[in-house]
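Novice: My structure file data_20.cif, mmCIF, C-alpha atoms and all ligand atoms, is below:
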```
data_data
#
loop_
_atom_site.label_atom_id
_atom_site.label_comp_id
_atom_site.auth_asym_id
_atom_site.auth_seq_id
_atom_site.Cartn_x
_atom_site.Cartn_y
_atom_site.Cartn_z
CA MET I 10 -18.68 19.26 -17.23
CA ALA I 11 -18.96 15.50 -17.78
CA THR I 12 -20.34 12.59 -15.78
CA ILE I 13 -17.66 9.93 -15.48
CA LEU I 14 -18.05 6.46 -14.04
CA VAL I 15 -14.84 5.21 -12.41
CA THR I 16 -14.48 1.49 -11.63
CA GLY I 17 -12.02 0.72 -8.84
CA ALA I 18 -12.60 4.22 -7.47
CA ALA I 19 -11.39 3.29 -3.97
CA GLY I 20 -8.10 1.93 -5.27
CA PHE I 21 -4.71 3.61 -5.53
CA ILE I 22 -5.00 5.01 -9.07
CA GLY I 23 -8.81 5.16 -8.92
CA SER I 24 -9.00 7.42 -5.89
CA HIS I 25 -6.43 9.89 -7.26
CA THR I 26 -8.25 9.93 -10.61
CA THR I 27 -11.57 10.53 -8.81
CA ASP I 28 -10.12 13.40 -6.75
CA LEU I 29 -8.72 15.11 -9.86
CA LEU I 30 -11.93 14.73 -11.88
CA LEU I 31 -13.91 16.28 -9.02
CA ALA I 32 -11.38 19.11 -8.63
CA GLU I 33 -11.82 19.86 -12.35
CA GLY I 34 -15.59 20.17 -11.86
CA HIS I 35 -16.73 16.82 -13.29
CA ARG I 36 -19.33 14.57 -11.70
CA VAL I 37 -17.96 11.17 -10.66
CA VAL I 38 -19.87 7.97 -10.07
CA GLY I 39 -17.40 5.68 -8.29
CA ILE I 40 -17.76 1.94 -7.88
CA ASP I 41 -15.63 -0.50 -5.92
CA ASN I 42 -16.11 -3.83 -4.14
CA PHE I 43 -13.27 -3.17 -1.64
CA ARG I 44 -11.40 -6.37 -2.54
CA THR I 45 -8.22 -4.31 -2.58
CA GLY I 46 -9.58 -0.73 -2.54
CA ARG I 47 -9.98 1.14 0.75
CA ARG I 48 -12.81 3.33 1.98
CA GLU I 49 -10.37 5.81 3.49
CA ASN I 50 -9.01 6.57 0.00
CA LEU I 51 -12.36 8.19 -0.81
CA ARG I 52 -12.51 10.36 2.31
CA ASP I 53 -11.97 13.60 0.35
CA ALA I 54 -14.21 12.59 -2.55
CA ALA I 55 -17.07 11.65 -0.22
CA ARG I 56 -17.27 15.29 0.94
CA GLN I 57 -17.86 16.56 -2.61
CA SER I 58 -21.38 17.11 -3.92
CA GLY I 59 -20.35 15.88 -7.39
CA PHE I 60 -19.48 12.42 -6.09
CA ALA I 61 -21.73 9.37 -5.80
CA PHE I 62 -20.53 5.93 -4.73
CA HIS I 63 -21.91 2.44 -5.30
CA GLU I 64 -20.44 -0.67 -3.67
CA LEU I 65 -20.60 -2.99 -6.63
CA ASP I 66 -18.56 -5.78 -8.22
CA VAL I 67 -17.74 -4.97 -11.85
CA ALA I 68 -17.22 -8.69 -12.50
CA ALA I 69 -20.76 -9.60 -11.38
CA PRO I 70 -22.85 -10.23 -14.52
CA GLY I 71 -25.30 -7.38 -15.20
CA ALA I 72 -24.23 -5.25 -12.23
CA LEU I 73 -22.33 -2.58 -14.15
CA ALA I 74 -24.77 -2.48 -17.08
CA GLY I 75 -27.65 -1.81 -14.65
CA LEU I 76 -25.83 1.14 -13.13
CA VAL I 77 -24.74 2.52 -16.51
CA ALA I 78 -28.38 2.38 -17.68
CA ARG I 79 -29.38 4.57 -14.73
CA VAL I 80 -26.44 7.01 -14.71
CA HIS I 81 -25.78 7.50 -18.46
CA PRO I 82 -22.13 8.51 -18.01
CA ASP I 83 -20.25 10.35 -20.75
CA ALA I 84 -17.24 8.11 -20.13
CA ILE I 85 -16.19 5.05 -18.14
CA ILE I 86 -12.69 4.86 -16.68
CA HIS I 87 -12.15 1.15 -16.02
CA LEU I 88 -9.49 0.75 -13.32
CA ALA I 89 -10.93 -2.12 -11.25
CA ALA I 90 -8.60 -5.10 -11.61
CA LEU I 91 -6.54 -7.82 -10.05
CA VAL I 92 -3.42 -5.69 -9.78
CA SER I 93 -0.62 -8.09 -8.89
CA VAL I 94 1.37 -10.02 -11.49
CA GLN I 95 2.28 -12.54 -8.81
CA GLU I 96 -1.35 -13.02 -7.77
CA SER I 97 -2.26 -13.67 -11.42
CA ILE I 98 0.33 -16.43 -11.50
CA ALA I 99 -1.04 -17.94 -8.26
CA ASN I 100 -4.68 -17.58 -9.35
CA PRO I 101 -5.06 -17.42 -13.15
CA GLU I 102 -8.80 -18.13 -13.03
CA LEU I 103 -9.47 -15.12 -10.81
CA ASN I 104 -7.19 -13.11 -13.09
CA PHE I 105 -9.39 -14.11 -16.04
CA VAL I 106 -12.60 -13.10 -14.26
CA LEU I 107 -11.31 -9.75 -12.97
CA ASN I 108 -8.99 -8.75 -15.81
CA VAL I 109 -10.74 -10.12 -18.92
CA GLN I 110 -14.39 -10.92 -18.20
CA ALA I 111 -14.91 -7.63 -16.35
CA SER I 112 -13.54 -5.77 -19.38
CA GLN I 113 -16.13 -7.52 -21.56
CA PHE I 114 -18.85 -6.36 -19.14
CA VAL I 115 -17.53 -2.80 -19.45
CA ALA I 116 -17.50 -3.05 -23.26
CA GLU I 117 -21.02 -4.49 -23.27
CA ALA I 118 -22.38 -1.86 -20.88
CA ALA I 119 -20.85 0.88 -23.07
CA ARG I 120 -22.34 -0.66 -26.23
CA LEU I 121 -25.82 -1.21 -24.79
CA HIS I 122 -26.12 2.22 -23.23
CA ARG I 123 -24.18 4.24 -25.82
CA VAL I 124 -21.33 5.46 -23.62
CA GLY I 125 -19.11 7.54 -25.91
CA ARG I 126 -15.75 6.79 -24.36
CA VAL I 127 -13.99 4.07 -22.35
CA VAL I 128 -10.57 4.53 -20.75
CA PHE I 129 -8.85 1.27 -19.84
CA ALA I 130 -6.03 0.61 -17.33
CA SER I 131 -3.57 -1.39 -19.39
CA SER I 132 0.03 -2.11 -18.42
CA ALA I 133 3.63 -2.23 -19.58
CA ALA I 134 3.30 -5.93 -18.72
CA ILE I 135 1.74 -6.54 -22.16
CA TYR I 136 5.18 -6.12 -23.79
CA GLY I 137 6.96 -8.82 -21.80
CA ASP I 138 10.74 -9.25 -21.95
CA GLY I 139 13.37 -8.56 -24.56
CA VAL I 140 11.84 -5.57 -26.31
CA GLU I 141 13.98 -2.74 -27.60
CA LEU I 142 14.08 0.17 -25.11
CA PRO I 143 12.56 2.64 -24.78
CA VAL I 144 9.59 0.52 -25.79
CA ARG I 145 7.18 2.02 -28.33
CA GLU I 146 3.54 1.11 -28.66
CA GLY I 147 4.06 -0.84 -31.90
CA ALA I 148 6.62 -3.23 -30.33
CA ALA I 149 5.93 -6.99 -30.26
CA LYS I 150 3.61 -8.05 -27.43
CA ARG I 151 4.87 -11.15 -25.65
CA PRO I 152 3.38 -11.07 -22.14
CA VAL I 153 5.07 -13.41 -19.68
CA SER I 154 2.28 -13.59 -17.06
CA PRO I 155 -1.47 -14.24 -16.99
CA TYR I 156 -1.74 -10.61 -15.88
CA GLY I 157 0.01 -9.25 -18.96
CA ALA I 158 -1.93 -11.60 -21.23
CA ALA I 159 -5.23 -10.49 -19.70
CA LYS I 160 -4.42 -6.81 -20.11
CA LEU I 161 -3.54 -7.43 -23.77
CA ALA I 162 -6.72 -9.47 -24.33
CA SER I 163 -8.77 -6.67 -22.77
CA GLU I 164 -7.18 -4.06 -25.01
CA ASP I 165 -8.11 -6.15 -28.04
CA LEU I 166 -11.67 -6.76 -26.78
CA LEU I 167 -12.29 -3.10 -26.09
CA LEU I 168 -10.67 -1.85 -29.31
CA GLY I 169 -12.70 -4.42 -31.27
CA HIS I 170 -15.87 -3.05 -29.70
CA ALA I 171 -14.72 0.46 -30.54
CA ALA I 172 -14.29 -0.45 -34.20
CA ALA I 173 -17.60 -2.33 -34.40
CA TYR I 174 -19.86 -0.02 -32.42
CA GLY I 175 -18.32 3.41 -32.83
CA LEU I 176 -17.27 4.20 -29.26
CA THR I 177 -13.86 5.66 -28.45
CA VAL I 178 -11.53 3.42 -26.42
CA ARG I 179 -8.32 4.72 -24.91
CA CYS I 180 -5.89 2.11 -23.53
CA GLN I 181 -3.42 3.51 -21.00
CA ARG I 182 -0.29 1.37 -20.65
CA TYR I 183 0.92 2.35 -17.19
CA PHE I 184 4.56 1.79 -16.26
CA ASN I 185 5.67 1.64 -12.58
CA VAL I 186 3.18 3.89 -10.78
CA PHE I 187 4.03 5.19 -7.30
CA GLY I 188 2.71 7.68 -4.76
CA PRO I 189 0.49 8.22 -1.73
CA ARG I 190 -2.14 5.52 -0.94
CA GLN I 191 -0.21 2.69 -2.62
CA ASP I 192 -0.59 -0.26 -0.26
CA PRO I 193 2.83 -1.50 0.90
CA SER I 194 1.57 -4.50 2.85
CA SER I 195 2.14 -7.31 0.33
CA PRO I 196 5.61 -8.62 -0.59
CA TYR I 197 4.58 -7.89 -4.19
CA SER I 198 3.60 -4.28 -3.53
CA GLY I 199 5.34 -1.60 -5.59
CA VAL I 200 8.96 -1.21 -4.56
CA ILE I 201 8.62 2.50 -3.73
CA SER I 202 5.68 1.88 -1.38
CA ILE I 203 7.71 -0.80 0.43
CA PHE I 204 10.82 1.37 0.62
CA ALA I 205 8.82 4.41 1.84
CA ARG I 206 7.36 2.43 4.72
CA ARG I 207 10.66 0.79 5.69
CA TYR I 208 12.58 4.08 5.69
CA ALA I 209 9.81 5.82 7.64
CA GLU I 210 10.05 3.05 10.24
CA GLY I 211 13.83 3.44 10.36
CA LYS I 212 14.42 -0.08 8.97
CA PRO I 213 16.79 -1.00 6.13
CA VAL I 214 15.26 -2.02 2.81
CA THR I 215 16.07 -5.17 0.85
CA ILE I 216 17.22 -4.85 -2.75
CA PHE I 217 16.73 -7.98 -4.84
CA GLY I 218 19.85 -8.41 -6.99
CA ASP I 219 22.57 -5.79 -7.45
CA GLY I 220 20.16 -2.84 -7.57
CA ARG I 221 21.21 -1.82 -11.07
CA GLN I 222 17.84 -2.85 -12.51
CA THR I 223 15.91 0.17 -13.75
CA ARG I 224 12.27 1.19 -14.02
CA ASP I 225 10.26 4.05 -15.50
CA PHE I 226 8.61 5.29 -12.29
CA ILE I 227 5.63 7.58 -12.82
CA ALA I 228 3.82 9.49 -10.06
CA VAL I 229 0.17 8.64 -9.52
CA ARG I 230 -0.64 12.36 -9.77
CA ASP I 231 0.62 12.29 -13.37
CA VAL I 232 -1.31 9.09 -14.08
CA ALA I 233 -4.52 10.70 -12.79
CA HIS I 234 -3.90 13.62 -15.16
CA ALA I 235 -3.39 11.23 -18.09
CA ASN I 236 -6.71 9.56 -17.20
CA LEU I 237 -8.49 12.92 -17.05
CA LEU I 238 -7.19 13.81 -20.52
CA ALA I 239 -8.11 10.41 -21.99
CA ALA I 240 -11.64 10.67 -20.61
CA THR I 241 -12.41 14.30 -21.39
CA ARG I 242 -10.18 15.67 -24.17
CA PRO I 243 -12.40 16.52 -27.16
CA GLY I 244 -11.87 14.83 -30.48
CA LEU I 245 -9.83 11.80 -29.40
CA VAL I 246 -9.92 8.68 -31.54
CA SER I 247 -9.37 5.15 -30.23
CA GLY I 248 -5.82 4.05 -29.47
CA ALA I 249 -3.26 2.83 -26.94
CA VAL I 250 -0.36 4.79 -25.46
CA ASN I 251 2.37 4.33 -22.89
CA ILE I 252 1.80 6.30 -19.69
CA CYS I 253 5.40 6.76 -18.62
CA THR I 254 8.07 9.39 -18.13
CA GLY I 255 10.74 8.14 -20.53
CA ARG I 256 13.24 8.43 -17.66
CA SER I 257 15.09 5.54 -16.12
CA THR I 258 15.77 5.14 -12.38
CA SER I 259 17.72 2.28 -10.78
CA LEU I 260 16.96 0.82 -7.37
CA LEU I 261 20.36 2.08 -6.20
CA ASP I 262 19.24 5.59 -7.27
CA LEU I 263 16.07 5.17 -5.19
CA ALA I 264 18.11 4.13 -2.16
CA VAL I 265 20.34 7.21 -2.53
CA VAL I 266 17.32 9.56 -2.56
CA PHE I 267 15.62 7.80 0.37
CA GLY I 268 18.98 7.78 2.22
CA ARG I 269 19.08 11.59 1.98
CA LEU I 270 15.48 11.89 3.19
CA TYR I 271 16.12 9.51 6.13
CA PRO I 272 19.82 9.95 6.99
CA GLY I 273 19.74 7.74 10.09
CA VAL I 274 18.61 4.56 8.35
CA ALA I 275 21.09 1.73 7.71
CA ALA I 276 22.23 0.99 4.14
CA PRO I 277 20.14 -1.42 2.03
CA GLN I 278 20.60 -5.15 2.38
CA HIS I 279 20.88 -7.29 -0.73
CA ALA I 280 19.08 -10.56 -1.47
CA PRO I 281 19.17 -12.76 -4.58
CA ALA I 282 17.37 -11.37 -7.66
CA ARG I 283 13.71 -12.39 -7.96
CA ALA I 284 12.99 -15.13 -10.47
CA GLY I 285 11.49 -13.65 -13.62
CA ASP I 286 12.46 -10.11 -12.70
CA ILE I 287 12.85 -7.84 -15.74
CA VAL I 288 16.21 -6.01 -15.64
CA HIS I 289 15.25 -2.82 -17.47
CA SER I 290 11.85 -1.32 -18.23
CA LEU I 291 11.52 2.04 -19.97
CA GLY I 292 8.70 3.51 -22.01
CA ALA I 293 8.74 5.91 -24.95
CA PRO I 294 6.38 8.76 -23.99
CA GLY I 295 5.97 10.40 -27.44
CA ALA I 296 2.61 8.90 -28.42
CA ALA I 297 0.94 10.11 -25.20
CA VAL I 298 2.29 13.60 -25.90
CA ALA I 299 0.98 13.54 -29.47
CA GLU I 300 -2.39 11.88 -28.84
CA LEU I 301 -3.39 13.08 -25.35
CA GLY I 302 -1.23 16.16 -24.88
CA PHE I 303 0.17 14.40 -21.82
CA THR I 304 3.64 14.89 -20.38
CA ALA I 305 4.59 13.61 -16.92
CA GLN I 306 5.52 16.48 -14.61
CA VAL I 307 6.72 14.91 -11.35
CA ALA I 308 10.42 14.03 -11.03
CA VAL I 309 11.00 10.83 -9.05
CA ALA I 310 13.07 12.61 -6.37
CA ASP I 311 10.25 15.15 -5.82
CA GLY I 312 7.65 12.38 -5.68
CA LEU I 313 9.72 10.52 -3.08
CA ALA I 314 10.13 13.67 -0.98
CA GLU I 315 6.34 14.18 -1.05
CA LEU I 316 5.83 10.58 -0.04
CA ALA I 317 8.27 10.92 2.84
CA HIS I 318 6.11 13.70 4.28
CA ALA I 319 2.76 11.97 3.66
CA PRO I 320 1.27 9.41 6.03
CA VAL I 321 2.30 5.88 5.04
CA ALA I 322 -0.69 3.74 3.94
CA SER I 323 -1.78 1.14 6.44
CA PRO I 324 -2.58 -2.46 5.41
CA SER I 325 -6.01 -3.07 3.82
CA SER I 326 -8.76 -3.32 6.35
C1 LIG M 401 5.66 -3.71 -12.38
C2 LIG M 401 4.21 -3.67 -11.95
C3 LIG M 401 3.46 -4.86 -12.49
C4 LIG M 401 3.66 -5.03 -14.00
C5 LIG M 401 5.16 -5.01 -14.33
C6 LIG M 401 5.36 -4.97 -15.83
C7 LIG M 401 4.07 -2.57 -9.79
C8 LIG M 401 3.88 -2.72 -8.32
N1 LIG M 401 4.13 -3.69 -10.49
O1 LIG M 401 6.32 -4.80 -11.78
O2 LIG M 401 2.07 -4.71 -12.20
O3 LIG M 401 2.97 -4.01 -14.68
O4 LIG M 401 5.79 -3.83 -13.80
O5 LIG M 401 6.69 -5.27 -16.16
O6 LIG M 401 4.16 -1.47 -10.32
N2 LIG M 401 12.29 -4.88 -5.43
C9 LIG M 401 13.31 -4.83 -4.49
N3 LIG M 401 12.95 -4.81 -3.16
C10 LIG M 401 11.65 -4.83 -2.75
C11 LIG M 401 10.62 -4.89 -3.73
C12 LIG M 401 11.00 -4.91 -5.07
O7 LIG M 401 14.49 -4.83 -4.81
O8 LIG M 401 11.41 -4.81 -1.53
C13 LIG M 401 12.68 -4.84 -6.86
C14 LIG M 401 12.07 -5.93 -7.72
O9 LIG M 401 12.81 -7.13 -7.64
C15 LIG M 401 12.14 -5.26 -9.10
C16 LIG M 401 11.94 -3.77 -8.80
O10 LIG M 401 12.18 -3.62 -7.42
O11 LIG M 401 13.43 -5.43 -9.67
C17 LIG M 401 10.55 -3.29 -9.11
O12 LIG M 401 9.63 -4.20 -8.52
P1 LIG M 401 8.05 -3.88 -8.39
O13 LIG M 401 7.44 -5.07 -7.74
O14 LIG M 401 7.82 -2.56 -7.79
O15 LIG M 401 7.54 -3.74 -9.91
P2 LIG M 401 7.80 -4.63 -11.24
O16 LIG M 401 8.60 -3.75 -12.16
O17 LIG M 401 8.32 -5.97 -10.92
#
```
The structure in this file should be written as structure tokens.
Specialist:
Amino acid sequence: MATILVTGAAGFIGSHTTDLLLAEGHRVVGIDNFRTGRRENLRDAARQSGFAFHELDVAAPGALAGLVARVHPDAIIHLAALVSVQESIANPELNFVLNVQASQFVAEAARLHRVGRVVFASSAAIYGDGVELPVREGAAKRPVSPYGAAKLASEDLLLGHAAAYGLTVRCQRYFNVFGPRQDPSSPYSGVISIFARRYAEGKPVTIFGDGRQTRDFIAVRDVAHANLLAATRPGLVSGAVNICTGRSTSLLDLAVVFGRLYPGVAAPQHAPARAGDIVHSLGAPGAAVAELGFTAQVAVADGLAELAHAPVASPSS
């Protein structure tokens, strides 16, 4: 049994990761400042004796290091972040503070207090456009947003600390994550969270462009499992892997599945494609299989069916 500190524990991926770690018998110290996380996401965790929570801002100088000094975790899973590409474009300074500086604080806390392992929430956004698909980890990195650039800078910072100070850093390059607790309230929320809410309300969805664009959608349950493995699997060395399924789903495919789940809802409307929208995104999953022993289990259609029967997340409060 390990003690694992999870930053962003009240967030979408953070709360699922926390729930799984607790279910597997680990102790979890969760932190969140509720900028985008929600208390209700930790309702189940809060009932577990292995869970402790601290309302704390990971980007506040010294805050995390102080807690790490007291808790002595075996691993830190760093998920707290500014999560929207569009918000990073609107506010690049805040993106720097939350997505780069905070990573330095995590690296420094791990170095000072000899934390053996750090798991970092990286993103497919580090690759940018025009890479050969399915994209492998060694592909050229040409991020096209402050968000992607910050995630790449954080990978380098953390891996540099790993090499210099002997900790193990695992960078998890998430593709399009979906599932329960994803907040659908912003226009830049994940497409599946928006579609799930619209269909549940009986309203037609809007597809930007012709709907033939494709994504590698991965269920948050699978992502939580990948995080568990990265944090606890014995003998791992530092590295970065795609957290993806290797399967491609178009928006038209999504609409067909939702249409079956909600037969009464009108067909999708179409609007012009979003500026800067990537047409196809698909990850190669082989390195995660080889290095973590991770294979995604949830088929998109099954994940959507689960979502259709789960309560739809309400806007942040
Ligand atoms: C995802 C990630 C982002 C970054 C990026 C890397 C999410 C939420 N975002 O952005 O953080 O890692 O990948 O490339 O996972 N769409 C519609 N109708 C809607 C909403 C969206 O048609 O109501 C389209 C949108 O134009 C795009 C696709 O759905 O073609 C997926 O959009 P998204 O915002 O879910 O995610 P993406 O791939 O832009």
Novice: Please build the interface table for range 214-258 of chain I against range 169-180 of chain I with a cut-off of 7 Å, listing for each qualifying residue the nearest atom pair and the distance in Å to one decimal; count all atoms listed in the file, order rows by chain and increasing number, and write it as JSON lines.
Specialist:
```
{"residue": "I:Ala239", "atom": "CA", "partner": "I:Arg179", "partner_atom": "CA", "distance": 6.4}
{"residue": "I:Val246", "atom": "CA", "partner": "I:Thr177", "partner_atom": "CA", "distance": 5.8}
{"residue": "I:Ser247", "atom": "CA", "partner": "I:Val178", "partner_atom": "CA", "distance": 4.7}
{"residue": "I:Gly248", "atom": "CA", "partner": "I:Arg179", "partner_atom": "CA", "distance": 5.2}
{"residue": "I:Ala249", "atom": "CA", "partner": "I:Cys180", "partner_atom": "CA", "distance": 4.4}
{"residue": "I:Val250", "atom": "CA", "partner": "I:Cys180", "partner_atom": "CA", "distance": 6.4}
```
Novice: In Å, with one decimal, what is the gap from CA of Val80 in chain I to CA of Arg47 in chain I?
Specialist: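 Between CA of Val80 in chain I and CA of Arg47 in chain I the gap works out to 23.3 Å.
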Novice: Which residues form the shell of 6 Å around ligand LIG 401 (chain M) when you count only C-alpha atoms and all ligand atoms, given as a ChimeraX atom specification?
Specialist: /I:93-94,132-134,185-186,197-200,203,215-217,222,283,286
Novice: Compile the contact shell of range 14-27 of chain I as a PDB file with C-alpha atoms, keeping the file's coordinate frame: residues with an atom at most 7 Å away, counting only C-alpha atoms, same-chain residues fewer than 4 positions apart removed.
Specialist:
```pdb
ATOM      1  CA  LEU I  31     -13.910  16.280  -9.020  1.00  0.00           C
ATOM      2  CA  VAL I  37     -17.960  11.170 -10.660  1.00  0.00           C
ATOM      3  CA  VAL I  38     -19.870   7.970 -10.070  1.00  0.00           C
ATOM      4  CA  GLY I  39     -17.400   5.680  -8.290  1.00  0.00           C
ATOM      5  CA  ILE I  40     -17.760   1.940  -7.880  1.00  0.00           C
ATOM      6  CA  ASP I  41     -15.630  -0.500  -5.920  1.00  0.00           C
ATOM      7  CA  THR I  45      -8.220  -4.310  -2.580  1.00  0.00           C
ATOM      8  CA  GLY I  46      -9.580  -0.730  -2.540  1.00  0.00           C
ATOM      9  CA  ARG I  47      -9.980   1.140   0.750  1.00  0.00           C
ATOM     10  CA  ARG I  48     -12.810   3.330   1.980  1.00  0.00           C
ATOM     11  CA  ASN I  50      -9.010   6.570   0.000  1.00  0.00           C
ATOM     12  CA  LEU I  51     -12.360   8.190  -0.810  1.00  0.00           C
ATOM     13  CA  PRO I  82     -22.130   8.510 -18.010  1.00  0.00           C
ATOM     14  CA  ALA I  84     -17.240   8.110 -20.130  1.00  0.00           C
ATOM     15  CA  ILE I  85     -16.190   5.050 -18.140  1.00  0.00           C
ATOM     16  CA  ILE I  86     -12.690   4.860 -16.680  1.00  0.00           C
ATOM     17  CA  HIS I  87     -12.150   1.150 -16.020  1.00  0.00           C
ATOM     18  CA  LEU I  88      -9.490   0.750 -13.320  1.00  0.00           C
ATOM     19  CA  ALA I  89     -10.930  -2.120 -11.250  1.00  0.00           C
ATOM     20  CA  ARG I 190      -2.140   5.520  -0.940  1.00  0.00           C
ATOM     21  CA  GLN I 191      -0.210   2.690  -2.620  1.00  0.00           C
ATOM     22  CA  VAL I 229       0.170   8.640  -9.520  1.00  0.00           C
ATOM     23  CA  ARG I 230      -0.640  12.360  -9.770  1.00  0.00           C
ATOM     24  CA  ALA I 233      -4.520  10.700 -12.790  1.00  0.00           C
ATOM     25  CA  ASN I 236      -6.710   9.560 -17.200  1.00  0.00           C
TER      26      ASN I 236
END
```
Novice: Please compute the CA of Arg36 in chain I-CA of Val92 in chain I distance, one decimal, in Å.
Specialist: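 Calculated distance between CA of Arg36 in chain I and CA of Val92 in chain I is 25.8 Å.
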Novice: Go ahead and compute the interatomic distance for CA of Ala111 in chain I and CA of Ala90 in chain I, in Å to one decimal.
Specialist: 8.3 Å
Novice: Using only C-alpha atoms, what residues lie at most 8 Å away from (15.7, 0.2, -15.8) (file coordinates), given as a PyMOL selection string?
Specialist: chain I and resi 221-225+257-259+288-291
Novice: Using all atoms listed in the file, pick whichever of I:Ala317, I:Leu76, I:Ala280, I:Ala293 has the shortest atom-to-atom distance to Leu142 in chain I.
Specialist: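 Closest candidate: I:Ala293.
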Novice: Hey, what's within 9 Å of Ala116 in chain I if we count all atoms listed in the file and toss same-chain stuff fewer than 2 positions away? As a PDB file with C-alpha atoms, keeping the file's coordinate frame, please?
Specialist:
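File selection-v7.pdb, as written:
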```pdb
ATOM      1  CA  ALA I 111     -14.910  -7.630 -16.350  1.00  0.00           C
ATOM      2  CA  SER I 112     -13.540  -5.770 -19.380  1.00  0.00           C
ATOM      3  CA  GLN I 113     -16.130  -7.520 -21.560  1.00  0.00           C
ATOM      4  CA  PHE I 114     -18.850  -6.360 -19.140  1.00  0.00           C
ATOM      5  CA  ALA I 118     -22.380  -1.860 -20.880  1.00  0.00           C
ATOM      6  CA  ALA I 119     -20.850   0.880 -23.070  1.00  0.00           C
ATOM      7  CA  ARG I 120     -22.340  -0.660 -26.230  1.00  0.00           C
ATOM      8  CA  LEU I 121     -25.820  -1.210 -24.790  1.00  0.00           C
ATOM      9  CA  VAL I 127     -13.990   4.070 -22.350  1.00  0.00           C
ATOM     10  CA  LEU I 166     -11.670  -6.760 -26.780  1.00  0.00           C
ATOM     11  CA  LEU I 167     -12.290  -3.100 -26.090  1.00  0.00           C
ATOM     12  CA  HIS I 170     -15.870  -3.050 -29.700  1.00  0.00           C
ATOM     13  CA  ALA I 171     -14.720   0.460 -30.540  1.00  0.00           C
TER      14      ALA I 171
END
```
Novice: Write out as a list in words each polymer residue whose atoms come within 12 Å of Gly75 in chain I, counting only C-alpha atoms; drop sequence neighbours fewer than 2 positions from it.
Specialist: His63, Leu65, Asp66, Val67, Ala69, Pro70, Gly71, Ala72, Leu73, Val77, Ala78, Arg79, Val80, His81, Phe114, Val115, Glu117, Ala118, Ala119, Leu121 and His122 of chain I
Novice: From the options I:Leu313, I:Val109, I:Val128, I:Ile227, which residue's atoms come nearest to Leu270 in chain I, counting only C-alpha atoms?
Specialist: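 When distances to Leu270 in chain I are compared using only C-alpha atoms, the smallest one comes from I:Leu313.
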Novice: Every residue with an atom at most 7 Å from (-3.3, -17.2, -16.5) (file coordinates; all atoms listed in the file) is what I'm after, so could you write them as a VMD selection string?
Specialist: chain I and resid 97 to 98 101 to 102 104 to 105 154 to 156
Novice: Since we have the selection now, will you write its residues out, keeping C-alpha atoms, as a PDB file, keeping the file's coordinate frame?
Specialist:
```pdb
ATOM      1  CA  SER I  97      -2.260 -13.670 -11.420  1.00  0.00           C
ATOM      2  CA  ILE I  98       0.330 -16.430 -11.500  1.00  0.00           C
ATOM      3  CA  PRO I 101      -5.060 -17.420 -13.150  1.00  0.00           C
ATOM      4  CA  GLU I 102      -8.800 -18.130 -13.030  1.00  0.00           C
ATOM      5  CA  ASN I 104      -7.190 -13.110 -13.090  1.00  0.00           C
ATOM      6  CA  PHE I 105      -9.390 -14.110 -16.040  1.00  0.00           C
ATOM      7  CA  SER I 154       2.280 -13.590 -17.060  1.00  0.00           C
ATOM      8  CA  PRO I 155      -1.470 -14.240 -16.990  1.00  0.00           C
ATOM      9  CA  TYR I 156      -1.740 -10.610 -15.880  1.00  0.00           C
TER      10      TYR I 156
END
```
Novice: Do a neighbour search on Arg151 in chain I at 8 Å with all atoms listed in the file, toss out local chain neighbours closer than 4 positions, and write the hits as a PyMOL selection string.
Specialist: chain I and resi 135-138
Novice: Select, from I:Gln278, I:Thr241, I:Thr254, I:Asn108, the residue with the minimum atom-to-atom distance to Leu301 in chain I, counting all atoms listed in the file.
Specialist: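 Closest candidate: I:Thr241.
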Novice: Have a look at I:Ile201, I:Thr12, I:Glu64, I:Asp219 and name the one nearest to Ala314 in chain I; count all atoms listed in the file.
Specialist: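 Of I:Ile201, I:Thr12, I:Glu64, I:Asp219, the one nearest Ala314 in chain I is I:Ile201, counting all atoms listed in the file.
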